[in-house]
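Pasting query-v8.cif here (mmCIF, C-alpha atoms):
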```cif
data_coords
loop_
_atom_site.label_atom_id
_atom_site.label_comp_id
_atom_site.auth_asym_id
_atom_site.auth_seq_id
_atom_site.Cartn_x
_atom_site.Cartn_y
_atom_site.Cartn_z
CA MET L 661 14.38 -247.82 54.91
CA LYS L 662 13.67 -244.33 53.68
CA TRP L 663 13.55 -244.22 49.90
CA THR L 664 15.46 -241.47 48.11
CA ALA L 665 15.60 -240.38 44.48
CA SER L 666 19.02 -241.97 44.06
CA LYS L 667 17.84 -245.28 45.54
CA LEU L 668 14.86 -245.33 43.22
CA LYS L 669 17.06 -244.51 40.24
CA ALA L 670 19.36 -247.41 41.15
CA LEU L 671 16.49 -249.89 40.64
CA LYS L 672 16.80 -249.45 36.86
CA GLY L 673 17.41 -252.86 35.32
CA ASP L 674 17.24 -254.59 38.70
CA LYS L 675 13.67 -254.39 39.96
CA LYS L 676 10.37 -253.04 38.66
CA ILE L 677 9.17 -249.92 40.49
CA SER L 678 5.68 -249.45 41.90
CA MET L 679 4.35 -245.93 42.47
CA VAL L 680 0.92 -244.86 43.72
CA THR L 681 -0.72 -241.47 44.19
CA ALA L 682 -1.81 -240.34 47.64
CA TYR L 683 -3.41 -237.11 48.77
CA ASP L 684 -3.62 -237.18 52.57
CA ALA L 685 -2.07 -238.77 55.64
CA LEU L 686 -4.54 -241.68 55.71
CA THR L 687 -4.02 -242.83 52.12
CA ALA L 688 -0.27 -242.18 52.36
CA ALA L 689 0.00 -244.39 55.44
CA LEU L 690 -1.83 -247.20 53.64
CA VAL L 691 0.48 -246.96 50.62
CA ASP L 692 3.52 -246.80 52.89
CA ASP L 693 2.36 -249.81 54.93
CA ALA L 694 2.14 -251.78 51.68
CA GLY L 695 5.83 -251.11 51.05
CA ILE L 696 5.29 -249.06 47.89
CA PRO L 697 8.62 -247.23 47.39
CA ALA L 698 7.28 -244.01 45.85
CA ILE L 699 4.21 -241.83 46.45
CA LEU L 700 3.20 -239.21 43.91
CA VAL L 701 1.13 -236.39 45.33
CA GLY L 702 -0.42 -235.79 41.94
CA ASP L 703 -2.27 -232.70 40.80
CA SER L 704 -4.86 -235.32 39.83
CA LEU L 705 -6.18 -234.52 43.30
CA GLY L 706 -8.02 -231.76 41.45
CA MET L 707 -10.41 -234.39 40.10
CA THR L 708 -10.15 -237.15 42.71
CA VAL L 709 -10.37 -235.03 45.86
CA LEU L 710 -11.27 -231.40 45.12
CA GLY L 711 -14.04 -231.88 42.55
CA TYR L 712 -12.46 -230.01 39.63
CA GLU L 713 -12.96 -231.24 36.06
CA THR L 714 -9.24 -230.99 35.17
CA THR L 715 -5.90 -230.45 36.89
CA LEU L 716 -5.66 -226.85 35.67
CA PRO L 717 -7.36 -225.06 38.62
CA VAL L 718 -5.14 -226.73 41.25
CA SER L 719 -3.04 -224.15 43.11
CA MET L 720 0.35 -224.24 44.79
CA ASP L 721 -1.24 -223.73 48.19
CA GLU L 722 -3.53 -226.71 47.63
CA MET L 723 -0.61 -228.88 46.52
CA VAL L 724 1.57 -227.81 49.46
CA HIS L 725 -1.30 -228.50 51.86
CA HIS L 726 -1.89 -232.03 50.55
CA THR L 727 1.81 -232.86 50.18
CA ALA L 728 2.42 -231.90 53.80
CA ALA L 729 -0.44 -234.18 54.86
CA VAL L 730 1.09 -237.05 52.86
CA ALA L 731 4.47 -236.41 54.49
CA ARG L 732 2.89 -236.66 57.93
CA GLY L 733 1.50 -240.07 57.06
CA THR L 734 4.65 -241.48 55.47
CA ARG L 735 7.74 -243.06 57.00
CA ASN L 736 9.60 -244.74 54.17
CA ALA L 737 8.25 -243.91 50.71
CA LEU L 738 9.82 -241.30 48.45
CA ILE L 739 7.37 -238.38 48.33
CA ILE L 740 7.13 -236.63 44.95
CA ALA L 741 5.09 -233.44 44.69
CA ASP L 742 3.45 -232.58 41.39
CA MET L 743 4.12 -228.97 40.42
CA PRO L 744 0.73 -227.56 39.36
CA PHE L 745 -0.11 -225.62 36.22
CA MET L 746 1.64 -222.22 36.01
CA SER L 747 3.76 -222.83 39.10
CA TYR L 748 6.89 -223.30 36.96
CA GLN L 749 6.10 -222.26 33.38
CA PRO L 750 6.51 -218.45 33.75
CA SER L 751 10.17 -218.41 34.87
CA LYS L 752 13.00 -220.42 36.36
CA ALA L 753 12.95 -218.15 39.39
CA MET L 754 9.29 -218.91 40.05
CA ALA L 755 9.89 -222.62 39.50
CA LEU L 756 12.80 -222.67 41.94
CA GLU L 757 10.82 -220.80 44.58
CA ASN L 758 7.79 -223.07 44.26
CA ALA L 759 9.82 -226.28 44.14
CA GLY L 760 11.63 -225.08 47.22
CA ARG L 761 8.30 -224.65 49.01
CA PHE L 762 7.55 -228.32 48.48
CA LEU L 763 10.81 -229.36 50.13
CA LYS L 764 10.83 -226.71 52.90
CA GLU L 765 7.15 -226.43 53.83
CA ALA L 766 5.66 -229.75 52.76
CA HIS L 767 8.69 -232.02 53.35
CA ALA L 768 8.56 -233.57 49.89
CA ASP L 769 11.62 -235.43 48.62
CA ALA L 770 11.29 -234.45 44.95
CA VAL L 771 9.05 -232.66 42.46
CA LYS L 772 7.46 -233.68 39.14
CA ILE L 773 7.38 -231.42 36.11
CA GLU L 774 5.47 -231.97 32.86
CA GLY L 775 7.04 -231.36 29.47
CA GLY L 776 9.92 -232.54 27.29
CA ALA L 777 12.97 -230.80 25.89
CA ILE L 778 11.38 -227.41 26.58
CA ARG L 779 11.80 -228.16 30.31
CA ALA L 780 15.39 -229.41 30.14
CA GLU L 781 17.00 -226.14 31.16
CA LEU L 782 14.58 -225.77 34.05
CA ILE L 783 15.15 -229.33 35.25
CA GLU L 784 18.90 -228.81 35.14
CA SER L 785 18.54 -225.63 37.22
CA LEU L 786 16.42 -227.33 39.86
CA VAL L 787 18.74 -230.32 40.11
CA LYS L 788 21.79 -228.06 40.46
CA ASN L 789 19.97 -226.38 43.34
CA GLY L 790 19.50 -229.68 45.15
CA ILE L 791 15.92 -230.48 44.09
CA PRO L 792 15.41 -233.96 42.58
CA VAL L 793 13.09 -233.94 39.56
CA LEU L 794 10.79 -236.56 38.06
CA GLY L 795 10.07 -235.78 34.41
CA HIS L 796 6.76 -236.43 32.64
CA ILE L 797 6.11 -236.74 28.88
CA GLY L 798 3.51 -238.24 26.57
CA LEU L 799 0.03 -237.25 27.64
CA THR L 800 0.63 -234.25 29.90
CA PRO L 801 -2.70 -233.29 31.53
CA GLN L 802 -1.67 -229.67 32.13
CA SER L 803 -1.50 -229.28 28.32
CA ILE L 804 -4.91 -230.82 27.76
CA LYS L 805 -6.31 -227.67 26.14
CA GLU L 806 -3.55 -227.67 23.52
CA MET L 807 -3.72 -231.44 23.00
CA GLY L 808 -7.47 -231.32 22.44
CA GLY L 809 -8.34 -234.03 24.93
CA TYR L 810 -6.99 -237.11 26.65
CA LYS L 811 -5.45 -238.89 23.67
CA VAL L 812 -2.69 -241.44 23.16
CA GLN L 813 0.55 -239.67 22.22
CA GLY L 814 3.39 -240.83 19.95
CA LYS L 815 1.25 -242.75 17.47
CA THR L 816 3.06 -241.48 14.37
CA SER L 817 6.75 -241.98 13.63
CA GLU L 818 7.36 -238.24 13.86
CA GLN L 819 5.65 -237.99 17.24
CA ALA L 820 7.57 -241.02 18.45
CA ARG L 821 10.88 -239.43 17.47
CA GLU L 822 9.91 -236.23 19.27
CA LEU L 823 9.09 -238.15 22.44
CA MET L 824 12.39 -240.02 22.26
CA ASP L 825 14.21 -236.69 21.90
CA ASP L 826 12.24 -235.32 24.85
CA ALA L 827 13.14 -238.32 26.98
CA MET L 828 16.83 -238.03 26.17
CA ALA L 829 16.80 -234.30 26.94
CA ILE L 830 15.16 -234.87 30.32
CA GLU L 831 17.68 -237.55 31.22
CA GLN L 832 20.60 -235.33 30.21
CA ALA L 833 19.14 -232.49 32.29
CA GLY L 834 19.50 -234.64 35.40
CA ALA L 835 16.04 -236.02 36.16
CA PHE L 836 16.19 -239.17 38.29
CA ALA L 837 13.24 -240.83 36.49
CA LEU L 838 10.61 -240.18 33.85
CA VAL L 839 6.85 -240.73 33.70
CA LEU L 840 5.55 -241.94 30.32
CA GLU L 841 1.80 -241.44 30.04
CA CYS L 842 -0.50 -242.85 27.38
CA VAL L 843 1.98 -243.86 24.69
CA PRO L 844 1.94 -247.06 22.60
CA ALA L 845 3.55 -249.96 24.46
CA PRO L 846 6.31 -250.52 21.84
CA LEU L 847 7.35 -246.87 22.15
CA GLY L 848 7.30 -247.07 25.94
CA GLU L 849 9.63 -250.05 25.81
CA MET L 850 11.89 -248.40 23.22
CA ILE L 851 12.30 -245.26 25.33
CA SER L 852 12.87 -247.33 28.45
CA LYS L 853 15.68 -249.28 26.81
CA ALA L 854 17.29 -246.09 25.47
CA LEU L 855 17.48 -244.38 28.87
CA THR L 856 19.72 -245.02 31.85
CA ILE L 857 17.09 -243.62 34.24
CA PRO L 858 13.90 -245.50 35.14
CA THR L 859 10.67 -244.94 33.24
CA ILE L 860 7.40 -245.03 35.15
CA GLY L 861 4.55 -245.97 32.88
CA ILE L 862 0.88 -245.09 33.11
CA GLY L 863 -0.80 -246.46 30.03
CA ALA L 864 2.62 -247.02 28.43
CA GLY L 865 2.89 -250.81 28.54
CA GLY L 866 4.82 -253.37 30.54
CA GLY L 867 8.15 -252.51 28.96
CA CYS L 868 8.58 -249.55 31.30
CA ASP L 869 10.74 -249.83 34.40
CA GLY L 870 7.81 -249.18 36.70
CA GLN L 871 4.13 -248.29 36.89
CA VAL L 872 2.03 -245.64 38.61
CA LEU L 873 -1.71 -245.67 39.26
CA VAL L 874 -4.09 -243.33 41.03
CA PHE L 875 -5.08 -244.57 44.50
CA THR L 876 -8.82 -244.19 43.95
CA ASP L 877 -8.63 -245.87 40.54
CA LEU L 878 -6.76 -249.01 41.55
CA LEU L 879 -9.04 -249.51 44.57
CA GLY L 880 -12.26 -248.84 42.63
CA ILE L 881 -13.44 -246.11 45.01
CA SER L 882 -14.88 -243.46 42.70
CA GLY L 883 -17.43 -245.59 40.85
CA LYS L 884 -16.75 -243.53 37.73
CA PRO L 885 -15.46 -244.76 34.33
CA VAL L 886 -11.68 -245.14 34.23
CA PRO L 887 -9.14 -245.23 31.38
CA LYS L 888 -8.26 -248.50 29.68
CA PHE L 889 -4.89 -248.71 31.42
CA VAL L 890 -6.45 -248.86 34.92
CA LYS L 891 -6.83 -252.19 36.72
CA HIS L 892 -9.17 -252.39 39.69
CA TYR L 893 -7.43 -254.36 42.45
CA ALA L 894 -10.53 -253.90 44.61
CA HIS L 895 -14.09 -252.63 44.13
CA LEU L 896 -14.48 -250.55 47.26
CA HIS L 897 -17.11 -248.14 45.94
CA ALA L 898 -19.90 -250.71 46.19
CA GLN L 899 -18.69 -251.94 49.60
CA ILE L 900 -18.48 -248.41 51.01
CA VAL L 901 -21.93 -247.45 49.75
CA GLU L 902 -23.37 -250.70 51.13
CA ALA L 903 -21.83 -250.02 54.55
CA LEU L 904 -23.20 -246.47 54.58
CA ASN L 905 -26.66 -247.71 53.57
CA THR L 906 -26.59 -250.27 56.38
CA TYR L 907 -25.57 -247.56 58.86
CA LYS L 908 -28.39 -245.31 57.66
CA SER L 909 -30.93 -248.13 57.99
CA GLU L 910 -29.78 -249.04 61.50
CA VAL L 911 -29.93 -245.44 62.68
CA GLU L 912 -33.44 -245.04 61.28
CA SER L 913 -34.63 -248.34 62.81
CA GLY L 914 -32.97 -247.72 66.17
CA ALA L 915 -30.73 -250.78 65.84
CA PHE L 916 -27.70 -248.51 66.24
CA PRO L 917 -26.45 -247.71 68.78
CA ALA L 918 -27.01 -251.01 70.61
CA ASP L 919 -26.22 -251.56 74.30
CA GLU L 920 -22.58 -252.42 73.52
CA HIS L 921 -22.12 -249.02 71.89
CA THR L 922 -23.60 -247.07 74.82
CA TYR L 923 -21.99 -245.74 78.00
#
```

Translate the structure described by the file into structure tokens.
Amino acid sequence: MKWTASKLKALKGDKKISMVTAYDALTAALVDDAGIPAILVGDSLGMTVLGYETTLPVSMDEMVHHTAAVARGTRNALIIADMPFMSYQPSKAMALENAGRFLKEAHADAVKIEGGAIRAELIESLVKNGIPVLGHIGLTPQSIKEMGGYKVQGKTSEQARELMDDAMAIEQAGAFALVLECVPAPLGEMISKALTIPTIGIGAGGGCDGQVLVFTDLLGISGKPVPKFVKHYAHLHAQIVEALNTYKSEVESGAFPADEHTY
């Protein structure tokens, strides 16, 4: 079954939603084979794949390239492309053109946009033009310079009210779901109960309607420190390095290739 934005939205109140990032055909196929209903081609690929320190340098061409690769490796999952920094902020016209590229060139099913009420008009415009939108509030990495670092958002009552207003505005604009990143768990649950669209939490507690994690984080591939909200479901970094060390040793000793590996 091919997942669509409307099918995912319909899971609200019925079934918790799992979402995982993927950045190429190989990782997308693995996520798809696991039956995960939604793949986010996150601009987090800037750090996980491309070696940048933040998401800010990631370009539209890079995102289109990786989203197309994910699409080639996916049969069933809903593919959501993350609109990178400055691909939608300057104007609605630019946002519509770039979002359209994701659907036309990269075969994405939807796009994700960071920001609250300030993005409502833009979200409404995209939806009216046939482009499903996943909202994103709380910690928004593209605003990291203004936020002053990766910090929990919504800790004061005033900030919590602002996030609730943002969430309501995004829902009213027509988004099919909303990512809540790095907010206190009680606030995540409160927003989730107030909305009729699903919330996808990442560091926002179990009261959300779903969860999203980065592929390399949940599999323990990078070997680098991870945020508190990450759970390692495997520790592949050590296993991969061990395998590569064994390969190196066998090449140097002449043990590989053996007769069974030789024509």

One decimal, Å: what's the distance from atom CA of Ser803 of chain L over to atom CA of Phe836 of chain L, could you say?
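Straight-line distance from atom CA of Ser803 of chain L to atom CA of Phe836 of chain L works out to 22.6 Å.
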
Could you tell me which residues the PyMOL selection byres ((chain L and resi 810-826) around 7) grabs in this file, written as a list of chain:residue names?
L:Gly776, L:Ala777, L:Gly798, L:Leu799, L:Ile804, L:Gly809, L:Ala827, L:Met828, L:Ala829, L:Ile830, L:Cys842, L:Val843, L:Pro844, L:Leu847, L:Ile851

On this file, the PyMOL selection byres ((chain L and resi 764-771) around 8) gives some set of residues; write that set as a PyMOL selection string.
chain L and resi 664-665+724-725+727-729+731+738-743+759-763+772-773+791-794

Of the candidates L:Glu722, L:Glu849, L:Glu841, L:Asp703, which one gets nearest to Ala682 of chain L if we count only C-alpha atoms?
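Looking only at the distances to Ala682 of chain L, the closest residue turns out to be L:Asp703.
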
Please provide the set of residues having any atom within 12 Å of Ile900 of chain L, restricted to only C-alpha atoms, with same-chain residues fewer than 5 positions apart removed, written as a PyMOL selection string.
chain L and resi 879-883+894-895+905-907

For the residues in the current selection, export C-alpha atoms as a PDB file, in the coordinates of the input.
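As written to disk, result_18.pdb reads:
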```
ATOM      1  CA  LEU L 879      -9.040-249.510  44.570  1.00  0.00           C
ATOM      2  CA  GLY L 880     -12.260-248.840  42.630  1.00  0.00           C
ATOM      3  CA  ILE L 881     -13.440-246.110  45.010  1.00  0.00           C
ATOM      4  CA  SER L 882     -14.880-243.460  42.700  1.00  0.00           C
ATOM      5  CA  GLY L 883     -17.430-245.590  40.850  1.00  0.00           C
ATOM      6  CA  ALA L 894     -10.530-253.900  44.610  1.00  0.00           C
ATOM      7  CA  HIS L 895     -14.090-252.630  44.130  1.00  0.00           C
ATOM      8  CA  ASN L 905     -26.660-247.710  53.570  1.00  0.00           C
ATOM      9  CA  THR L 906     -26.590-250.270  56.380  1.00  0.00           C
ATOM     10  CA  TYR L 907     -25.570-247.560  58.860  1.00  0.00           C
TER      11      TYR L 907
END
```

Here's the selection I'm unsure about, the PyMOL selection byres ((chain L and resi 862-866) around 8); applied to the file above, which residues does it give, as an NGL selection string?
:L and (839-849 or 860-861 or 867-869 or 871-873 or 888-890)

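For Asn789 of chain L, the list of residues within 10 Å, based on all atoms listed in the file and with local chain neighbours fewer than 5 positions off taken out, reads Leu756, Gly760, Ile783 and Glu784 of chain L.
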
Find the residues near Gly673 of chain L: any atom within 9 Å, counting only C-alpha atoms, skip ones fewer than 3 places away on the same chain, and give them as a list in words.
Ala670, Lys676, Thr856, Pro858 and Asp869 of chain L

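Each of L:Ala837, L:Val886, L:Val874, L:Ile797 was checked against Leu700 of chain L using only C-alpha atoms; the smallest atom-to-atom distance is that of L:Val874.
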
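Distance check against Pro697 of chain L using all atoms listed in the file: of L:Leu671, L:Ala915, L:Met807, L:Leu786, the minimum falls on L:Leu671.
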
Residues at most 12 Å from Leu690 of chain L, counting all atoms listed in the file, excluding those fewer than 3 positions away in the same chain, as a list in words?
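After dropping sequence-adjacent residues, the list is Val680, Thr681, Ala682, Tyr683, Asp684, Ala685, Leu686, Thr687, Asp693, Ala694, Gly695, Ile696, Ile699, Val730, Gly733, Thr734, Arg735, Asn736, Ala737, Phe875 and Leu879 of chain L.
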
Output C-alpha atoms of each residue in that selection to a file, as an mmCIF file, in the frame of the given file.
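part_31.cif written:
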```cif
data_model
loop_
_atom_site.group_PDB
_atom_site.id
_atom_site.type_symbol
_atom_site.label_atom_id
_atom_site.label_comp_id
_atom_site.auth_asym_id
_atom_site.auth_seq_id
_atom_site.Cartn_x
_atom_site.Cartn_y
_atom_site.Cartn_z
ATOM 1 C CA VAL L 680 0.920 -244.860 43.720
ATOM 2 C CA THR L 681 -0.720 -241.470 44.190
ATOM 3 C CA ALA L 682 -1.810 -240.340 47.640
ATOM 4 C CA TYR L 683 -3.410 -237.110 48.770
ATOM 5 C CA ASP L 684 -3.620 -237.180 52.570
ATOM 6 C CA ALA L 685 -2.070 -238.770 55.640
ATOM 7 C CA LEU L 686 -4.540 -241.680 55.710
ATOM 8 C CA THR L 687 -4.020 -242.830 52.120
ATOM 9 C CA ASP L 693 2.360 -249.810 54.930
ATOM 10 C CA ALA L 694 2.140 -251.780 51.680
ATOM 11 C CA GLY L 695 5.830 -251.110 51.050
ATOM 12 C CA ILE L 696 5.290 -249.060 47.890
ATOM 13 C CA ILE L 699 4.210 -241.830 46.450
ATOM 14 C CA VAL L 730 1.090 -237.050 52.860
ATOM 15 C CA GLY L 733 1.500 -240.070 57.060
ATOM 16 C CA THR L 734 4.650 -241.480 55.470
ATOM 17 C CA ARG L 735 7.740 -243.060 57.000
ATOM 18 C CA ASN L 736 9.600 -244.740 54.170
ATOM 19 C CA ALA L 737 8.250 -243.910 50.710
ATOM 20 C CA PHE L 875 -5.080 -244.570 44.500
ATOM 21 C CA LEU L 879 -9.040 -249.510 44.570
#
```

Applying 12 Å and all atoms listed in the file, which residues near Met707 of chain L remain after dropping the ones on its own chain fewer than 2 positions away? List them as a PyMOL selection string.
chain L and resi 683+702-705+709-718+801+874+876-877+882+884

Tell me, in Å to one decimal, how far atom CA of Leu838 of chain L is from atom CA of His796 of chain L.
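According to the coordinates, atom CA of Leu838 of chain L and atom CA of His796 of chain L are separated by 5.5 Å.
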